[in-house]
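**Student:** Please find start_0.cif (mmCIF, C-alpha atoms) on the next line:
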```
data_input
#
loop_
_atom_site.label_atom_id
_atom_site.label_comp_id
_atom_site.auth_asym_id
_atom_site.auth_seq_id
_atom_site.Cartn_x
_atom_site.Cartn_y
_atom_site.Cartn_z
CA ARG A 1 60.90 0.16 -1.23
CA ALA A 2 62.00 3.13 0.89
CA VAL A 3 58.43 4.38 1.34
CA THR A 4 57.24 0.91 2.34
CA ALA A 5 60.02 0.70 4.95
CA GLN A 6 59.01 4.14 6.29
CA ILE A 7 55.35 3.07 6.52
CA LEU A 8 56.12 -0.24 8.23
CA SER A 9 58.11 1.62 10.90
CA LEU A 10 55.26 4.01 11.77
CA PRO A 11 53.61 3.28 15.15
CA ALA A 12 50.25 4.21 13.56
CA PHE A 13 50.72 1.46 10.97
CA GLN A 14 51.87 -1.07 13.54
CA GLN A 15 48.75 -0.40 15.63
CA ALA A 16 46.34 -0.23 12.68
CA ARG A 17 43.95 -3.10 12.07
CA SER A 18 42.18 -1.82 8.96
CA VAL A 19 43.95 0.05 6.17
CA SER A 20 43.05 1.40 2.76
CA CYS A 21 45.68 1.78 0.08
CA TYR A 22 45.36 2.84 -3.53
CA LEU A 23 46.58 0.49 -6.23
CA SER A 24 48.98 2.60 -8.27
CA MET A 25 48.61 3.58 -11.90
CA PRO A 26 51.01 1.85 -14.31
CA SER A 27 53.15 5.02 -14.32
CA GLY A 28 53.31 8.49 -12.76
CA GLU A 29 52.49 7.46 -9.19
CA LEU A 30 54.48 6.00 -6.36
CA ASP A 31 54.23 2.22 -6.85
CA THR A 32 52.24 0.65 -4.00
CA SER A 33 52.53 -3.02 -5.02
CA LEU A 34 55.09 -3.87 -2.31
CA LEU A 35 53.17 -1.88 0.32
CA VAL A 36 49.84 -3.64 -0.35
CA SER A 37 51.60 -7.02 -0.23
CA GLU A 38 53.13 -6.09 3.13
CA ILE A 39 49.77 -4.87 4.46
CA ILE A 40 48.33 -8.32 3.70
CA ARG A 41 51.43 -10.12 5.03
CA TYR A 42 51.16 -8.17 8.30
CA GLY A 43 47.59 -9.44 8.74
CA LYS A 44 45.90 -6.06 8.34
CA THR A 45 42.45 -5.84 6.77
CA LEU A 46 43.03 -4.17 3.41
CA PHE A 47 40.53 -2.09 1.44
CA VAL A 48 41.27 -0.72 -2.04
CA PRO A 49 39.46 1.82 -4.22
CA LYS A 50 36.88 0.93 -6.82
CA ILE A 51 35.32 3.52 -9.11
CA ASP A 52 31.69 2.79 -10.00
CA GLN A 53 31.01 4.51 -13.34
CA SER A 54 27.33 3.51 -13.13
CA LYS A 55 27.04 5.78 -10.07
CA GLY A 56 28.60 8.85 -11.67
CA GLY A 57 32.15 7.89 -10.79
CA HIS A 58 31.45 7.20 -7.11
CA MET A 59 34.49 5.70 -5.33
CA ASP A 60 34.20 3.09 -2.62
CA PHE A 61 36.84 1.07 -0.78
CA LEU A 62 36.30 -2.68 -1.08
CA LYS A 63 37.90 -5.43 0.95
CA VAL A 64 40.78 -7.56 -0.33
CA TYR A 65 40.45 -11.06 1.13
CA GLU A 66 43.89 -12.53 0.41
CA LYS A 67 46.96 -12.12 -1.78
CA GLU A 68 45.51 -14.38 -4.50
CA ASP A 69 42.37 -12.24 -4.52
CA LEU A 70 44.49 -9.10 -5.04
CA ASP A 71 46.54 -10.76 -7.78
CA SER A 72 43.36 -11.65 -9.70
CA PHE A 73 42.02 -8.09 -10.01
CA PRO A 74 41.40 -6.85 -13.56
CA ARG A 75 42.53 -3.40 -14.69
CA GLY A 76 39.84 -0.72 -14.58
CA SER A 77 39.93 3.08 -14.95
CA TRP A 78 43.30 4.48 -16.04
CA GLY A 79 44.83 0.99 -16.14
CA ILE A 80 44.55 0.64 -12.36
CA LYS A 81 43.71 -2.77 -10.91
CA GLU A 82 40.28 -2.77 -9.27
CA PRO A 83 38.43 -5.38 -7.25
CA PRO A 84 35.34 -6.97 -8.77
CA SER A 85 32.16 -6.10 -6.85
CA GLN A 86 31.68 -9.77 -5.92
CA TRP A 87 33.95 -12.20 -4.10
CA GLN A 88 33.11 -15.92 -4.07
CA GLY A 89 29.53 -15.20 -5.15
CA SER A 90 28.74 -12.55 -2.52
CA PRO A 91 29.03 -8.76 -2.50
CA ARG A 92 32.50 -7.68 -1.44
CA ASP A 93 32.64 -5.85 1.94
CA SER A 94 32.81 -2.06 1.70
CA ALA A 95 34.56 0.21 4.20
CA LEU A 96 31.22 2.05 4.42
CA ASP A 97 29.28 -1.06 5.54
CA GLU A 98 27.80 -0.74 9.02
CA ARG A 99 29.40 -3.99 10.18
CA ILE A 100 32.90 -2.68 9.29
CA THR A 101 34.22 -0.92 12.36
CA GLY A 102 36.30 1.62 10.48
CA LEU A 103 39.53 2.43 8.73
CA ASP A 104 42.60 3.31 10.75
CA ILE A 105 44.66 4.65 7.82
CA ILE A 106 43.97 5.73 4.25
CA PHE A 107 47.04 5.93 2.00
CA VAL A 108 46.28 8.67 -0.52
CA PRO A 109 47.80 9.41 -3.93
CA GLY A 110 48.09 12.86 -5.48
CA VAL A 111 49.66 15.02 -8.13
CA ALA A 112 51.23 17.36 -5.57
CA PHE A 113 51.29 18.05 -1.83
CA ASP A 114 52.63 20.99 0.14
CA ARG A 115 54.12 21.47 3.56
CA SER A 116 50.75 22.82 4.75
CA PHE A 117 49.54 19.22 4.18
CA CYS A 118 47.29 20.23 1.29
CA ARG A 119 46.76 17.77 -1.56
CA LEU A 120 46.20 18.27 -5.27
CA GLY A 121 44.51 15.21 -6.73
CA HIS A 122 43.59 14.43 -10.30
CA GLY A 123 40.55 16.74 -10.16
CA LYS A 124 37.74 14.19 -9.87
CA GLY A 125 37.21 14.58 -6.11
CA TYR A 126 37.12 10.83 -5.49
CA TYR A 127 39.07 10.89 -2.22
CA ASP A 128 37.48 14.07 -0.84
CA HIS A 129 33.99 12.67 -1.49
CA PHE A 130 34.81 9.27 0.00
CA ILE A 131 36.38 10.76 3.14
CA ALA A 132 33.36 13.04 3.59
CA SER A 133 31.00 10.05 3.19
CA PHE A 134 33.07 7.94 5.56
CA SER A 135 33.17 10.74 8.15
CA SER A 136 29.38 11.09 7.98
CA THR A 137 29.02 7.46 9.17
CA LYS A 138 30.21 8.51 12.66
CA LYS A 139 33.21 6.20 12.41
CA SER A 140 36.51 7.61 13.67
CA LYS A 141 38.41 9.72 11.16
CA PRO A 142 41.23 7.66 9.68
CA LEU A 143 44.80 8.91 9.55
CA LEU A 144 45.27 10.39 6.06
CA VAL A 145 48.73 9.53 4.76
CA ALA A 146 49.96 10.92 1.45
CA LEU A 147 52.47 8.80 -0.47
CA ALA A 148 54.67 10.91 -2.74
CA PHE A 149 57.90 11.25 -4.64
CA GLN A 150 60.16 13.94 -3.17
CA GLU A 151 59.49 16.16 -6.23
CA GLN A 152 55.75 16.17 -5.49
CA VAL A 153 56.17 17.93 -2.13
CA LEU A 154 56.07 21.71 -2.45
CA GLU A 155 56.64 24.53 0.02
CA LYS A 156 53.81 25.73 2.31
CA ASP A 157 50.66 27.16 0.74
CA LYS A 158 51.60 26.22 -2.85
CA VAL A 159 48.73 23.79 -3.48
CA PRO A 160 45.40 25.50 -4.22
CA THR A 161 42.52 24.21 -2.10
CA GLU A 162 38.75 24.42 -1.93
CA PRO A 163 36.63 24.23 1.25
CA HIS A 164 35.72 20.57 0.55
CA ASP A 165 39.38 19.44 0.27
CA TRP A 166 40.76 17.24 3.05
CA SER A 167 44.26 17.88 4.30
CA MET A 168 46.72 15.10 4.99
CA ASP A 169 47.98 14.11 8.44
CA LEU A 170 51.30 12.74 7.16
CA ILE A 171 53.26 12.93 3.93
CA VAL A 172 55.66 10.05 3.29
CA THR A 173 58.36 10.14 0.62
CA PRO A 174 61.37 7.88 0.06
CA LYS A 175 63.51 10.34 2.08
CA MET A 176 61.21 11.77 4.77
CA ILE A 177 58.06 11.66 6.83
CA LEU A 178 56.30 14.99 7.37
CA SER A 179 53.81 15.10 10.22
CA LYS A 180 51.32 17.80 11.25
CA GLU A 181 52.17 17.07 14.87
#
```
Kindly transcribe the structure held in the file into structure tokens.
**Tutor:**
Amino acid sequence: RAVTAQILSLPAFQQARSVSCYLSMPSGELDTSLLVSEIIRYGKTLFVPKIDQSKGGHMDFLKVYEKEDLDSFPRGSWGIKEPPSQWQGSPRDSALDERITGLDIIFVPGVAFDRSFCRLGHGKGYYDHFIASFSSTKKSKPLLVALAFQEQVLEKDKVPTEPHDWSMDLIVTPKMILSKE
């Protein structure tokens, strides 16, 4: 609840038209169920991750059309709800589609973050690969916002990184918002 209130108060969120948010695992991650409901309620276009195992674990962000659509998602990898590839008989819009103008914000999960804005994910590279693919489309870089429990935020330079890792622009916890700026 506290993180959702922090997000809703951000000028970047208020101005955003198109947002991507992860659907949280059943345990071990900050619960995003209230946040995704509020994103829809605020009239934002919402995209959520889908892992395609037939493409070597490629992750895409697919559009959520309404609250009932979101509520109908089955559980996929790791017990996480995922959108079906089709909606009402047609392929679901992807954030990578040419006709989609872009994403303003991507809310990103992680195992740990540090005050250098580095992120430690679950080791599959899903988010780093997606952000690289998205950036190669010439669309504007979205604001990368980490959602974390207080205990997941470490001191500067504590999270190991590789050259392909993307750093966060903001880290939001129930008690604080850390910003690079």
**Student:** Please indicate the distance in Å from atom CA of A:Pro109 to atom CA of A:Gln88, rounded to one decimal place.
**Tutor:** 29.3 Å
**Student:** Care to translate the PyMOL selection byres ((chain A and resi 132) around 12) into actual residues of this file, as a PyMOL selection string?
**Tutor:** chain A and resi 59-60+96+125-131+133-142+163-167
**Student:** Going by the chain IDs and residue numbers used in this file, which residues fall under the PyMOL selection byres ((chain A and resi 40-50) around 7)? Write them as a list of chain:residue names.
**Tutor:**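 Selection result, ordered by chain and number: A:Arg17, A:Ser18, A:Val19, A:Ser20, A:Cys21, A:Tyr22, A:Leu23, A:Val36, A:Ser37, A:Glu38, A:Ile39, A:Ile51, A:Asp52, A:Met59, A:Asp60, A:Phe61, A:Leu62, A:Lys63, A:Val64, A:Glu66, A:Lys67, A:Glu82, A:Pro83, A:Ala95.
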**Student:** Of the residues A:Ala146, A:Phe13, A:Glu98, A:Leu154, which is the one nearest to A:Thr173, using all atoms listed in the file?
**Tutor:**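 Of all the options, A:Ala146 lies closest to A:Thr173.
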**Student:** For A:Phe113, list every protein, DNA or RNA residue within 6 Å, evaluated using only C-alpha atoms, and leave out those in the same chain fewer than 3 positions away; present the list as a list in words.
**Tutor:**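 So, after excluding close chain neighbours, the residues are Cys118, Arg119 and Val153 of chain A.
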**Student:** With all atoms listed in the file as the atoms that count, which of A:Ala2, A:Ala112, A:Leu34, A:Ile7 lies nearest to A:Leu170?
**Tutor:**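 Once distances to A:Leu170 are computed over all atoms listed in the file, the minimum belongs to A:Ile7.
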**Student:** Looking at all atoms listed in the file, which of A:Asp114, A:Asp97, A:Asp71, A:Glu151 is the one that sits closest to A:Ser179?
**Tutor:**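 Checking each of A:Asp114, A:Asp97, A:Asp71, A:Glu151 against A:Ser179, counting all atoms listed in the file, the winner is A:Asp114.
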**Student:** Between atom CA of A:Glu162 and atom CA of A:Arg115, what distance in Å does the model show, to one decimal?
**Tutor:**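 Atom CA of A:Arg115 lies 16.6 Å from atom CA of A:Glu162.
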**Student:** Could you tell me which residues the PyMOL selection byres ((chain A and resi 121) around 6) grabs in this file, written as a list of chain:residue names?
**Tutor:**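 When the PyMOL selection byres ((chain A and resi 121) around 6) is applied to the shown file, the picked residues are A:Gly110, A:Val111, A:Leu120, A:His122, A:Gly123.
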**Student:** In Å to one decimal, how far is atom CA of A:Gly102 from atom CA of A:Ser90?
**Tutor:** 20.7 Å
**Student:** Can you pull out the residues contacting stretch 24-27 of chain A? Cut-off 10 Å, using only C-alpha atoms, and skip same-chain residues under 3 positions away; I want them as a list in words.
**Tutor:**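 So, after excluding close chain neighbours, the residues are Cys21, Leu30, Asp31, Thr32, Ser33, Arg75, Ser77, Trp78, Gly79, Ile80, Lys81 and Pro109 of chain A.
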**Student:** So, with only C-alpha atoms as the atoms that count, which of A:Leu70, A:Ala16, A:Ile171, A:Leu103 lies closest to A:Ser116?
**Tutor:** A:Ile171
**Student:** Using all atoms listed in the file for the distances, tell me which of A:Lys158, A:Ala148, A:Ile105, A:Ser94 is nearest to A:Ala12.
**Tutor:** A:Ile105
**Student:** Counting all atoms listed in the file, which residue out of A:Pro84, A:Lys124, A:Leu10, A:Gln150 sits closest to A:Gly57?
**Tutor:**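 Answer, going by the shortest atom-to-atom distance: A:Lys124.
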